[in-house]
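S.K.: For reference, the file target.pdb (PDB, C-alpha atoms and all ligand atoms) is included below:
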```
ATOM      1  CA  MET G   1      38.813  79.514  58.211  1.00  0.00           C
ATOM      2  CA  LYS G   2      40.907  78.947  55.130  1.00  0.00           C
ATOM      3  CA  ILE G   3      43.847  81.308  55.402  1.00  0.00           C
ATOM      4  CA  GLY G   4      45.698  81.880  52.139  1.00  0.00           C
ATOM      5  CA  VAL G   5      49.316  82.984  52.096  1.00  0.00           C
ATOM      6  CA  LEU G   6      50.568  84.676  48.933  1.00  0.00           C
ATOM      7  CA  ALA G   7      53.466  82.367  48.038  1.00  0.00           C
ATOM      8  CA  LEU G   8      55.267  84.124  45.179  1.00  0.00           C
ATOM      9  CA  GLN G   9      58.342  85.315  47.102  1.00  0.00           C
ATOM     10  CA  GLY G  10      59.367  85.981  50.686  1.00  0.00           C
ATOM     11  CA  ASP G  11      58.800  84.234  53.998  1.00  0.00           C
ATOM     12  CA  PHE G  12      55.428  82.654  53.207  1.00  0.00           C
ATOM     13  CA  ARG G  13      56.389  79.306  54.790  1.00  0.00           C
ATOM     14  CA  GLU G  14      56.705  80.934  58.214  1.00  0.00           C
ATOM     15  CA  HIS G  15      53.213  82.457  57.877  1.00  0.00           C
ATOM     16  CA  LEU G  16      51.782  79.082  56.807  1.00  0.00           C
ATOM     17  CA  LEU G  17      53.295  77.545  59.926  1.00  0.00           C
ATOM     18  CA  ALA G  18      51.903  80.320  62.148  1.00  0.00           C
ATOM     19  CA  ALA G  19      48.406  79.800  60.678  1.00  0.00           C
ATOM     20  CA  LYS G  20      48.658  76.071  61.326  1.00  0.00           C
ATOM     21  CA  GLN G  21      49.931  76.556  64.877  1.00  0.00           C
ATOM     22  CA  ALA G  22      47.014  78.904  65.545  1.00  0.00           C
ATOM     23  CA  GLY G  23      44.660  76.151  64.398  1.00  0.00           C
ATOM     24  CA  HIS G  24      43.748  77.294  60.891  1.00  0.00           C
ATOM     25  CA  ALA G  25      44.204  75.686  57.483  1.00  0.00           C
ATOM     26  CA  GLY G  26      46.989  77.589  55.756  1.00  0.00           C
ATOM     27  CA  LEU G  27      46.926  77.370  51.963  1.00  0.00           C
ATOM     28  CA  THR G  28      49.501  78.638  49.484  1.00  0.00           C
ATOM     29  CA  VAL G  29      48.131  81.087  46.902  1.00  0.00           C
ATOM     30  CA  ARG G  30      49.905  81.282  43.539  1.00  0.00           C
ATOM     31  CA  ARG G  31      46.966  81.113  41.125  1.00  0.00           C
ATOM     32  CA  SER G  32      43.632  82.900  40.994  1.00  0.00           C
ATOM     33  CA  GLU G  33      41.784  79.567  41.493  1.00  0.00           C
ATOM     34  CA  GLU G  34      43.629  79.221  44.804  1.00  0.00           C
ATOM     35  CA  LEU G  35      42.785  82.804  45.775  1.00  0.00           C
ATOM     36  CA  ALA G  36      39.113  82.100  45.118  1.00  0.00           C
ATOM     37  CA  GLU G  37      39.236  79.255  47.682  1.00  0.00           C
ATOM     38  CA  VAL G  38      40.463  81.266  50.661  1.00  0.00           C
ATOM     39  CA  ASP G  39      38.568  83.370  53.216  1.00  0.00           C
ATOM     40  CA  ALA G  40      41.496  85.637  54.068  1.00  0.00           C
ATOM     41  CA  LEU G  41      44.989  86.346  52.784  1.00  0.00           C
ATOM     42  CA  ILE G  42      48.423  86.997  54.280  1.00  0.00           C
ATOM     43  CA  LEU G  43      50.996  88.999  52.301  1.00  0.00           C
ATOM     44  CA  PRO G  44      54.422  87.915  53.597  1.00  0.00           C
ATOM     45  CA  GLY G  45      57.636  89.768  54.204  1.00  0.00           C
ATOM     46  CA  GLY G  46      60.076  89.766  51.326  1.00  0.00           C
ATOM     47  CA  GLU G  47      60.589  92.265  48.529  1.00  0.00           C
ATOM     48  CA  SER G  48      57.492  94.303  47.743  1.00  0.00           C
ATOM     49  CA  THR G  49      58.581  95.195  44.189  1.00  0.00           C
ATOM     50  CA  THR G  50      59.207  91.528  43.319  1.00  0.00           C
ATOM     51  CA  ILE G  51      55.949  90.353  44.896  1.00  0.00           C
ATOM     52  CA  ALA G  52      53.955  92.985  42.971  1.00  0.00           C
ATOM     53  CA  GLN G  53      55.658  92.101  39.683  1.00  0.00           C
ATOM     54  CA  LEU G  54      55.128  88.371  40.219  1.00  0.00           C
ATOM     55  CA  ALA G  55      51.474  89.012  41.083  1.00  0.00           C
ATOM     56  CA  ARG G  56      51.153  90.637  37.637  1.00  0.00           C
ATOM     57  CA  THR G  57      53.006  87.731  35.989  1.00  0.00           C
ATOM     58  CA  PHE G  58      50.808  85.164  37.730  1.00  0.00           C
ATOM     59  CA  ASP G  59      47.630  87.103  36.805  1.00  0.00           C
ATOM     60  CA  LEU G  60      46.806  87.623  40.470  1.00  0.00           C
ATOM     61  CA  PHE G  61      47.226  91.373  40.804  1.00  0.00           C
ATOM     62  CA  THR G  62      43.756  92.463  39.675  1.00  0.00           C
ATOM     63  CA  ASP G  63      42.058  89.589  41.500  1.00  0.00           C
ATOM     64  CA  ILE G  64      43.746  90.474  44.796  1.00  0.00           C
ATOM     65  CA  LYS G  65      42.726  94.129  44.397  1.00  0.00           C
ATOM     66  CA  LYS G  66      39.168  93.009  43.687  1.00  0.00           C
ATOM     67  CA  ARG G  67      39.006  90.738  46.766  1.00  0.00           C
ATOM     68  CA  ILE G  68      40.387  93.582  48.904  1.00  0.00           C
ATOM     69  CA  ALA G  69      37.673  95.902  47.560  1.00  0.00           C
ATOM     70  CA  GLU G  70      35.069  93.218  48.361  1.00  0.00           C
ATOM     71  CA  GLY G  71      36.194  93.134  51.996  1.00  0.00           C
ATOM     72  CA  MET G  72      38.458  90.092  52.206  1.00  0.00           C
ATOM     73  CA  PRO G  73      40.565  90.283  55.400  1.00  0.00           C
ATOM     74  CA  VAL G  74      44.249  90.736  54.595  1.00  0.00           C
ATOM     75  CA  TYR G  75      47.295  90.859  56.854  1.00  0.00           C
ATOM     76  CA  GLY G  76      50.568  92.196  55.438  1.00  0.00           C
ATOM     77  CA  SER G  77      53.900  91.978  57.268  1.00  0.00           C
ATOM     78  CA  CYS G  78      56.729  94.291  56.200  1.00  0.00           C
ATOM     79  CA  ALA G  79      56.746  94.017  52.372  1.00  0.00           C
ATOM     80  CA  GLY G  80      53.089  93.036  52.861  1.00  0.00           C
ATOM     81  CA  MET G  81      52.464  96.331  54.677  1.00  0.00           C
ATOM     82  CA  ILE G  82      53.930  98.195  51.685  1.00  0.00           C
ATOM     83  CA  LEU G  83      51.655  96.226  49.350  1.00  0.00           C
ATOM     84  CA  LEU G  84      48.582  97.296  51.360  1.00  0.00           C
ATOM     85  CA  ALA G  85      49.483 101.002  51.352  1.00  0.00           C
ATOM     86  CA  ASP G  86      47.631 103.365  49.041  1.00  0.00           C
ATOM     87  CA  ARG G  87      50.825 105.452  48.720  1.00  0.00           C
ATOM     88  CA  ILE G  88      54.586 104.804  49.038  1.00  0.00           C
ATOM     89  CA  VAL G  89      57.575 107.069  49.667  1.00  0.00           C
ATOM     90  CA  ASP G  90      60.975 105.850  48.391  1.00  0.00           C
ATOM     91  CA  GLY G  91      59.373 103.185  46.231  1.00  0.00           C
ATOM     92  CA  ALA G  92      61.074 101.816  43.138  1.00  0.00           C
ATOM     93  CA  LEU G  93      60.249 103.590  39.885  1.00  0.00           C
ATOM     94  CA  GLY G  94      56.673 102.687  38.927  1.00  0.00           C
ATOM     95  CA  GLN G  95      56.234 100.440  41.960  1.00  0.00           C
ATOM     96  CA  GLU G  96      52.653  99.211  42.293  1.00  0.00           C
ATOM     97  CA  THR G  97      50.718  98.233  45.404  1.00  0.00           C
ATOM     98  CA  PHE G  98      47.388  96.492  45.891  1.00  0.00           C
ATOM     99  CA  GLY G  99      46.478  99.327  48.242  1.00  0.00           C
ATOM    100  CA  GLY G 100      43.431  99.429  50.505  1.00  0.00           C
ATOM    101  CA  ILE G 101      44.807 101.145  53.605  1.00  0.00           C
ATOM    102  CA  ASP G 102      44.570 104.936  53.330  1.00  0.00           C
ATOM    103  CA  MET G 103      48.174 105.604  54.351  1.00  0.00           C
ATOM    104  CA  THR G 104      51.601 106.533  53.026  1.00  0.00           C
ATOM    105  CA  VAL G 105      54.359 104.070  53.884  1.00  0.00           C
ATOM    106  CA  ARG G 106      58.069 104.861  53.721  1.00  0.00           C
ATOM    107  CA  ARG G 107      60.138 101.940  52.430  1.00  0.00           C
ATOM    108  CA  ASN G 108      63.401 101.057  54.220  1.00  0.00           C
ATOM    109  CA  ALA G 109      62.433 103.803  56.642  1.00  0.00           C
ATOM    110  CA  PHE G 110      64.755 102.972  59.517  1.00  0.00           C
ATOM    111  CA  GLY G 111      67.833 103.613  57.371  1.00  0.00           C
ATOM    112  CA  ARG G 112      69.598 101.373  54.913  1.00  0.00           C
ATOM    113  CA  GLN G 113      72.616 100.973  57.178  1.00  0.00           C
ATOM    114  CA  VAL G 114      70.351  99.703  59.962  1.00  0.00           C
ATOM    115  CA  ASP G 115      69.297  96.651  57.993  1.00  0.00           C
ATOM    116  CA  SER G 116      67.617  94.875  60.825  1.00  0.00           C
ATOM    117  CA  PHE G 117      66.981  95.311  64.517  1.00  0.00           C
ATOM    118  CA  GLU G 118      64.823  93.972  67.302  1.00  0.00           C
ATOM    119  CA  SER G 119      62.762  96.013  69.683  1.00  0.00           C
ATOM    120  CA  ASP G 120      60.299  95.575  72.533  1.00  0.00           C
ATOM    121  CA  LEU G 121      57.077  97.339  71.783  1.00  0.00           C
ATOM    122  CA  ASN G 122      53.476  97.604  72.826  1.00  0.00           C
ATOM    123  CA  PHE G 123      51.087  95.987  70.367  1.00  0.00           C
ATOM    124  CA  ASN G 124      47.418  96.706  71.012  1.00  0.00           C
ATOM    125  CA  GLY G 125      48.018  96.949  74.749  1.00  0.00           C
ATOM    126  CA  THR G 126      50.402  94.024  75.209  1.00  0.00           C
ATOM    127  CA  GLU G 127      54.196  94.020  75.362  1.00  0.00           C
ATOM    128  CA  MET G 128      56.031  92.014  72.752  1.00  0.00           C
ATOM    129  CA  HIS G 129      59.391  91.541  71.108  1.00  0.00           C
ATOM    130  CA  ALA G 130      59.455  92.521  67.424  1.00  0.00           C
ATOM    131  CA  VAL G 131      61.861  91.775  64.571  1.00  0.00           C
ATOM    132  CA  PHE G 132      62.370  94.466  61.915  1.00  0.00           C
ATOM    133  CA  ILE G 133      64.213  93.797  58.618  1.00  0.00           C
ATOM    134  CA  ARG G 134      64.648  96.700  56.186  1.00  0.00           C
ATOM    135  CA  ALA G 135      61.276  97.714  57.489  1.00  0.00           C
ATOM    136  CA  PRO G 136      58.863 100.419  56.402  1.00  0.00           C
ATOM    137  CA  TRP G 137      57.028 102.762  58.745  1.00  0.00           C
ATOM    138  CA  VAL G 138      53.771 104.609  58.297  1.00  0.00           C
ATOM    139  CA  GLU G 139      54.558 108.164  57.314  1.00  0.00           C
ATOM    140  CA  GLU G 140      51.028 109.556  57.070  1.00  0.00           C
ATOM    141  CA  LEU G 141      47.594 108.073  57.577  1.00  0.00           C
ATOM    142  CA  SER G 142      43.938 109.024  57.367  1.00  0.00           C
ATOM    143  CA  SER G 143      41.737 109.253  60.447  1.00  0.00           C
ATOM    144  CA  SER G 144      40.066 105.969  59.461  1.00  0.00           C
ATOM    145  CA  VAL G 145      43.311 104.071  60.068  1.00  0.00           C
ATOM    146  CA  GLN G 146      43.829 102.791  63.624  1.00  0.00           C
ATOM    147  CA  VAL G 147      47.375 102.673  65.050  1.00  0.00           C
ATOM    148  CA  LEU G 148      47.985  99.481  67.058  1.00  0.00           C
ATOM    149  CA  SER G 149      51.685 100.023  67.705  1.00  0.00           C
ATOM    150  CA  ASP G 150      54.362 102.623  67.195  1.00  0.00           C
ATOM    151  CA  VAL G 151      58.084 102.964  67.938  1.00  0.00           C
ATOM    152  CA  ILE G 152      60.423 105.889  68.543  1.00  0.00           C
ATOM    153  CA  ALA G 153      62.987 105.854  65.735  1.00  0.00           C
ATOM    154  CA  ALA G 154      66.457 107.426  65.501  1.00  0.00           C
ATOM    155  CA  ASP G 155      64.842 110.731  64.480  1.00  0.00           C
ATOM    156  CA  GLY G 156      63.313 110.887  67.977  1.00  0.00           C
ATOM    157  CA  LYS G 157      59.773 110.683  66.621  1.00  0.00           C
ATOM    158  CA  ARG G 158      57.063 108.082  67.009  1.00  0.00           C
ATOM    159  CA  HIS G 159      56.198 106.170  63.853  1.00  0.00           C
ATOM    160  CA  PRO G 160      53.302 103.723  63.508  1.00  0.00           C
ATOM    161  CA  VAL G 161      54.430 100.140  62.859  1.00  0.00           C
ATOM    162  CA  ALA G 162      51.098  98.306  63.160  1.00  0.00           C
ATOM    163  CA  VAL G 163      47.855  99.610  61.697  1.00  0.00           C
ATOM    164  CA  ARG G 164      44.365  98.474  60.842  1.00  0.00           C
ATOM    165  CA  GLN G 165      41.653  99.816  58.585  1.00  0.00           C
ATOM    166  CA  GLY G 166      38.571  97.609  58.686  1.00  0.00           C
ATOM    167  CA  ALA G 167      39.500  94.152  57.408  1.00  0.00           C
ATOM    168  CA  LEU G 168      43.024  95.214  56.447  1.00  0.00           C
ATOM    169  CA  PHE G 169      45.847  94.894  58.949  1.00  0.00           C
ATOM    170  CA  ALA G 170      49.588  95.502  58.561  1.00  0.00           C
ATOM    171  CA  THR G 171      52.775  95.396  60.629  1.00  0.00           C
ATOM    172  CA  SER G 172      56.259  96.719  59.790  1.00  0.00           C
ATOM    173  CA  PHE G 173      57.710  93.844  61.796  1.00  0.00           C
ATOM    174  CA  HIS G 174      57.745  90.068  61.300  1.00  0.00           C
ATOM    175  CA  PRO G 175      55.862  88.073  63.968  1.00  0.00           C
ATOM    176  CA  GLU G 176      56.213  85.063  61.637  1.00  0.00           C
ATOM    177  CA  LEU G 177      59.939  85.006  62.483  1.00  0.00           C
ATOM    178  CA  THR G 178      59.222  84.517  66.184  1.00  0.00           C
ATOM    179  CA  THR G 179      57.326  81.821  68.063  1.00  0.00           C
ATOM    180  CA  ASP G 180      54.876  84.420  69.402  1.00  0.00           C
ATOM    181  CA  LEU G 181      51.475  83.846  67.779  1.00  0.00           C
ATOM    182  CA  ARG G 182      49.685  86.859  69.298  1.00  0.00           C
ATOM    183  CA  VAL G 183      49.819  89.063  66.197  1.00  0.00           C
ATOM    184  CA  HIS G 184      48.546  86.254  63.972  1.00  0.00           C
ATOM    185  CA  ARG G 185      45.872  85.456  66.526  1.00  0.00           C
ATOM    186  CA  TYR G 186      44.851  89.143  66.525  1.00  0.00           C
ATOM    187  CA  PHE G 187      44.387  88.877  62.750  1.00  0.00           C
ATOM    188  CA  PHE G 188      42.452  85.605  62.915  1.00  0.00           C
ATOM    189  CA  ASP G 189      40.367  86.360  66.020  1.00  0.00           C
ATOM    190  CA  GLN G 190      39.800  90.124  65.779  1.00  0.00           C
ATOM    191  CA  VAL G 191      40.065  91.004  62.089  1.00  0.00           C
ATOM    192  CA  CYS G 192      38.906  87.864  60.255  1.00  0.00           C
ATOM    193  CA  ALA G 193      36.266  86.784  62.746  1.00  0.00           C
ATOM    194  CA  GLY G 194      34.374  90.045  62.321  1.00  0.00           C
ATOM    195  CA  ALA G 195      34.696  90.126  58.542  1.00  0.00           C
ATOM    196  CA  ILE G 196      33.970  86.503  57.561  1.00  0.00           C
ATOM    197  CA  LYS G 197      30.397  85.327  57.924  1.00  0.00           C
TER     198      LYS G 197
HETATM  199  N1  LIG Z   1      62.364  96.556  52.200  1.00  0.00           N
HETATM  200  C1  LIG Z   1      61.521  95.505  51.687  1.00  0.00           C
HETATM  201  C2  LIG Z   1      60.604  96.013  50.585  1.00  0.00           C
HETATM  202  O1  LIG Z   1      60.621  97.132  50.231  1.00  0.00           O
HETATM  203  C3  LIG Z   1      60.684  94.894  52.770  1.00  0.00           C
HETATM  204  C4  LIG Z   1      61.555  94.089  53.700  1.00  0.00           C
HETATM  205  C5  LIG Z   1      60.891  92.932  54.362  1.00  0.00           C
HETATM  206  O2  LIG Z   1      59.785  92.506  54.021  1.00  0.00           O
HETATM  207  N2  LIG Z   1      61.591  92.371  55.305  1.00  0.00           N
HETATM  208  O3  LIG Z   1      59.852  95.247  50.062  1.00  0.00           O
END
```
Hey, can you dump this file as structure tokens for me?
Ligand code: GLN
M.R.:
Amino acid sequence: MKIGVLALQGDFREHLLAAKQAGHAGLTVRRSEELAEVDALILPGGESTTIAQLARTFDLFTDIKKRIAEGMPVYGSCAGMILLADRIVDGALGQETFGGIDMTVRRNAFGRQVDSFESDLNFNGTEMHAVFIRAPWVEELSSSVQVLSDVIAADGKRHPVAVRQGALFATSFHPELTTDLRVHRYFFDQVCAGAIK
């Protein structure tokens, strides 16, 4: 499989490395010709407003939306999760997303003063250590969205931090910043394998 990583801003290098370590060709995507070459796409962590604006500047925005509508598998981590959400709370004025997952995501949900933290959580039935950096959570979601992981936040409530809707998959946390490949392997083996003929 040719796994594209949107390489406009953010931690795309770490995702490229994870793809390679999991045995897939990881390709940077900055132009629509490069997008056309890949079977699946990863939207990295970073700054969702900047990534969306650069996608407009690089004439990629409409093409990414089109590939999502056509069923291309996409994995978004953190800012990438925001970019896959149909709706955002606490977004910047006029902030755009590619959308595709029928959910509302709250940006910087865990509190601005709690910039980053690490937590053990259960992802799709297995325990793992997760890194959160100014992370979003899923505030509201349709019944067609599957929750793969959630955490109890400071408000005492459970909030989804990993979700899937068909070929689209998103995590609030950053597996690309750890050496644990299980989340990437879930995307490649469970999400992409079913969607790519
Ligand atoms: N808070 C960032 C945003 O809104 C996401 C942070 C991250 O990707 N680590 O885009």
S.K.: Identify which of the residues G:Leu121, G:Ile133, G:Met1, G:Leu6 lies closest to ligand LIG 1 (chain Z), counting all atoms listed in the file when measuring atom-to-atom distances.
M.R.: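 Closest to ligand LIG 1 (chain Z) of all the choices is G:Ile133.
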S.K.: With the PyMOL selection byres (((chain G and resi 180) around 12) and not hetatm) as the selection, what would be picked from this file? Answer as a list of chain:residue names, please.
M.R.: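 So the PyMOL selection byres (((chain G and resi 180) around 12) and not hetatm) ends up selecting G:Glu14, G:His15, G:Leu17, G:Ala18, G:Ala19, G:Gln21, G:Ala22, G:Glu127, G:Met128, G:His129, G:Ala130, G:Val131, G:His174, G:Pro175, G:Glu176, G:Leu177, G:Thr178, G:Thr179, G:Leu181, G:Arg182, G:Val183, G:His184, G:Arg185, G:Tyr186.
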S.K.: Any idea what the distance is between atom N1 of ligand LIG 1 (chain Z) and CA of Cys192 in chain G?
M.R.: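 So the two atoms, atom N1 of ligand LIG 1 (chain Z) and CA of Cys192 in chain G, lie 26.3 Å apart.
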S.K.: With all atoms listed in the file as the basis for distance, which of G:Ala109, G:Leu41, G:Val145, G:Met72 is at the shortest distance from Ile88 in chain G?
M.R.: G:Ala109
S.K.: Excluding range 61-67 of chain G and residues on its chain fewer than 6 positions from it, collect all residues at most 9 Å away from it, counting all atoms listed in the file, and give them as a count of residues only.
M.R.: 12
S.K.: List the residues matched by the PyMOL selection byres (((not hetatm)) within 10 of (chain Z and resi 1)) in the displayed structure as a compact mmCIF listing (two decimals) with C-alpha atoms, in the frame of the given file, ordered by chain and then by residue number.
M.R.:
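File part.txt, as written:
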```txt
# COMPACT_ATOMS: atom_id res chain seq x y z
CA GLY G 10 59.37 85.98 50.69
CA ASP G 11 58.80 84.23 54.00
CA LEU G 43 51.00 89.00 52.30
CA PRO G 44 54.42 87.92 53.60
CA GLY G 45 57.64 89.77 54.20
CA GLY G 46 60.08 89.77 51.33
CA GLU G 47 60.59 92.26 48.53
CA SER G 48 57.49 94.30 47.74
CA THR G 49 58.58 95.20 44.19
CA THR G 50 59.21 91.53 43.32
CA ILE G 51 55.95 90.35 44.90
CA ALA G 52 53.96 92.98 42.97
CA GLY G 76 50.57 92.20 55.44
CA SER G 77 53.90 91.98 57.27
CA CYS G 78 56.73 94.29 56.20
CA ALA G 79 56.75 94.02 52.37
CA GLY G 80 53.09 93.04 52.86
CA MET G 81 52.46 96.33 54.68
CA ILE G 82 53.93 98.20 51.68
CA LEU G 83 51.66 96.23 49.35
CA ILE G 88 54.59 104.80 49.04
CA ASP G 90 60.98 105.85 48.39
CA GLY G 91 59.37 103.18 46.23
CA ALA G 92 61.07 101.82 43.14
CA GLN G 95 56.23 100.44 41.96
CA ARG G 106 58.07 104.86 53.72
CA ARG G 107 60.14 101.94 52.43
CA ASN G 108 63.40 101.06 54.22
CA ALA G 109 62.43 103.80 56.64
CA ARG G 112 69.60 101.37 54.91
CA ASP G 115 69.30 96.65 57.99
CA SER G 116 67.62 94.88 60.82
CA VAL G 131 61.86 91.78 64.57
CA PHE G 132 62.37 94.47 61.92
CA ILE G 133 64.21 93.80 58.62
CA ARG G 134 64.65 96.70 56.19
CA ALA G 135 61.28 97.71 57.49
CA PRO G 136 58.86 100.42 56.40
CA SER G 172 56.26 96.72 59.79
CA PHE G 173 57.71 93.84 61.80
CA HIS G 174 57.74 90.07 61.30
```
S.K.: Kindly indicate which residue among G:Phe110, G:Tyr75, G:Trp137, G:Phe188 lies nearest to Leu168 in chain G, using all atoms listed in the file for the distances.
M.R.: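 Of G:Phe110, G:Tyr75, G:Trp137, G:Phe188, the one nearest Leu168 in chain G is G:Tyr75, counting all atoms listed in the file.
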S.K.: Run the PyMOL selection byres (((chain G and resi 87) around 8) and not hetatm) against the file shown and list the residues it catches, as a PyMOL selection string.
M.R.: chain G and resi 85-86+88-89+97+99+102-105
S.K.: Using all atoms listed in the file, find the one residue out of G:Glu37, G:Phe58, G:Ser149, G:Gly4 that sits nearest to His24 in chain G.
M.R.: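 For His24 in chain G, the nearest of the given residues is G:Gly4.
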S.K.: Please measure the separation of CA of Gly156 in chain G and CA of Leu84 in chain G, giving the value in Å to one decimal.
M.R.: 26.0 Å
S.K.: To test the calculation: enclose all listed atoms of range 142-160 of chain G in a box whose edges run along x, y and z, add 5 Å on each side, then state centre and edge lengths in Å to one decimal, as JSON.
M.R.:
```
{"center_x": 53.3, "center_y": 105.2, "center_z": 63.0, "size_x": 36.4, "size_y": 21.4, "size_z": 21.2}
```
S.K.: Find the residue from G:Thr126, G:Gln165, G:Gln146, G:Gln9 that sits nearest to Arg30 in chain G; use only C-alpha atoms when measuring.
M.R.: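 For Arg30 in chain G, the nearest of the candidates is G:Gln9.
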S.K.: Please, what distance in Å, to one decimal, runs between CA of Glu140 in chain G and CA of Val161 in chain G?
M.R.: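 A separation of 11.6 Å between them.
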S.K.: Counting all atoms listed in the file, which of G:Ile196, G:Ala7, G:Val38, G:Ile101 gets nearest to Ala69 in chain G?
M.R.: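 With all atoms listed in the file as the atom set, the closest residue is G:Ile101.
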S.K.: Please produce range 7-29 of chain G, completed to N, CA and C atoms, as a PDB file, in the frame of the given file.
M.R.:
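File produced: result16.pdb:
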```pdb
ATOM      1  N   ALA G   7      52.220  83.153  47.992  1.00  0.00           N
ATOM      2  CA  ALA G   7      53.466  82.367  48.038  1.00  0.00           C
ATOM      3  C   ALA G   7      54.289  82.574  46.770  1.00  0.00           C
ATOM      4  N   LEU G   8      54.497  83.817  46.386  1.00  0.00           N
ATOM      5  CA  LEU G   8      55.267  84.124  45.179  1.00  0.00           C
ATOM      6  C   LEU G   8      56.727  84.365  45.507  1.00  0.00           C
ATOM      7  N   GLN G   9      56.983  84.972  46.657  1.00  0.00           N
ATOM      8  CA  GLN G   9      58.342  85.315  47.102  1.00  0.00           C
ATOM      9  C   GLN G   9      58.234  85.673  48.573  1.00  0.00           C
ATOM     10  N   GLY G  10      59.354  85.537  49.300  1.00  0.00           N
ATOM     11  CA  GLY G  10      59.367  85.981  50.686  1.00  0.00           C
ATOM     12  C   GLY G  10      59.125  84.849  51.672  1.00  0.00           C
ATOM     13  N   ASP G  11      58.829  85.242  52.924  1.00  0.00           N
ATOM     14  CA  ASP G  11      58.800  84.234  53.998  1.00  0.00           C
ATOM     15  C   ASP G  11      57.391  83.665  54.221  1.00  0.00           C
ATOM     16  N   PHE G  12      56.796  83.184  53.123  1.00  0.00           N
ATOM     17  CA  PHE G  12      55.428  82.654  53.207  1.00  0.00           C
ATOM     18  C   PHE G  12      55.347  81.372  54.026  1.00  0.00           C
ATOM     19  N   ARG G  13      56.439  80.579  54.040  1.00  0.00           N
ATOM     20  CA  ARG G  13      56.389  79.306  54.790  1.00  0.00           C
ATOM     21  C   ARG G  13      56.181  79.563  56.289  1.00  0.00           C
ATOM     22  N   GLU G  14      56.820  80.616  56.788  1.00  0.00           N
ATOM     23  CA  GLU G  14      56.705  80.934  58.214  1.00  0.00           C
ATOM     24  C   GLU G  14      55.260  81.346  58.553  1.00  0.00           C
ATOM     25  N   HIS G  15      54.614  82.077  57.640  1.00  0.00           N
ATOM     26  CA  HIS G  15      53.213  82.457  57.877  1.00  0.00           C
ATOM     27  C   HIS G  15      52.289  81.231  57.811  1.00  0.00           C
ATOM     28  N   LEU G  16      52.592  80.311  56.899  1.00  0.00           N
ATOM     29  CA  LEU G  16      51.782  79.082  56.807  1.00  0.00           C
ATOM     30  C   LEU G  16      51.868  78.300  58.117  1.00  0.00           C
ATOM     31  N   LEU G  17      53.086  78.256  58.665  1.00  0.00           N
ATOM     32  CA  LEU G  17      53.295  77.545  59.926  1.00  0.00           C
ATOM     33  C   LEU G  17      52.537  78.236  61.066  1.00  0.00           C
ATOM     34  N   ALA G  18      52.598  79.569  61.085  1.00  0.00           N
ATOM     35  CA  ALA G  18      51.903  80.320  62.148  1.00  0.00           C
ATOM     36  C   ALA G  18      50.390  80.077  62.063  1.00  0.00           C
ATOM     37  N   ALA G  19      49.842  80.051  60.842  1.00  0.00           N
ATOM     38  CA  ALA G  19      48.406  79.800  60.678  1.00  0.00           C
ATOM     39  C   ALA G  19      48.055  78.414  61.228  1.00  0.00           C
ATOM     40  N   LYS G  20      48.903  77.441  60.882  1.00  0.00           N
ATOM     41  CA  LYS G  20      48.658  76.071  61.326  1.00  0.00           C
ATOM     42  C   LYS G  20      48.738  75.975  62.853  1.00  0.00           C
ATOM     43  N   GLN G  21      49.765  76.616  63.419  1.00  0.00           N
ATOM     44  CA  GLN G  21      49.931  76.556  64.877  1.00  0.00           C
ATOM     45  C   GLN G  21      48.779  77.231  65.600  1.00  0.00           C
ATOM     46  N   ALA G  22      48.161  78.223  64.932  1.00  0.00           N
ATOM     47  CA  ALA G  22      47.014  78.904  65.545  1.00  0.00           C
ATOM     48  C   ALA G  22      45.709  78.158  65.262  1.00  0.00           C
ATOM     49  N   GLY G  23      45.827  77.013  64.572  1.00  0.00           N
ATOM     50  CA  GLY G  23      44.660  76.151  64.398  1.00  0.00           C
ATOM     51  C   GLY G  23      43.848  76.388  63.132  1.00  0.00           C
ATOM     52  N   HIS G  24      44.464  77.032  62.144  1.00  0.00           N
ATOM     53  CA  HIS G  24      43.748  77.294  60.891  1.00  0.00           C
ATOM     54  C   HIS G  24      44.426  76.575  59.725  1.00  0.00           C
ATOM     55  N   ALA G  25      43.635  76.272  58.695  1.00  0.00           N
ATOM     56  CA  ALA G  25      44.204  75.686  57.483  1.00  0.00           C
ATOM     57  C   ALA G  25      44.925  76.795  56.723  1.00  0.00           C
ATOM     58  N   GLY G  26      46.214  76.610  56.522  1.00  0.00           N
ATOM     59  CA  GLY G  26      46.989  77.589  55.756  1.00  0.00           C
ATOM     60  C   GLY G  26      47.217  77.053  54.348  1.00  0.00           C
ATOM     61  N   LEU G  27      46.829  77.835  53.343  1.00  0.00           N
ATOM     62  CA  LEU G  27      46.926  77.370  51.963  1.00  0.00           C
ATOM     63  C   LEU G  27      47.809  78.319  51.151  1.00  0.00           C
ATOM     64  N   THR G  28      48.691  77.764  50.337  1.00  0.00           N
ATOM     65  CA  THR G  28      49.501  78.638  49.484  1.00  0.00           C
ATOM     66  C   THR G  28      48.637  79.188  48.355  1.00  0.00           C
ATOM     67  N   VAL G  29      48.864  80.456  48.006  1.00  0.00           N
ATOM     68  CA  VAL G  29      48.131  81.087  46.902  1.00  0.00           C
ATOM     69  C   VAL G  29      49.145  81.538  45.856  1.00  0.00           C
TER      70      VAL G  29
END
```
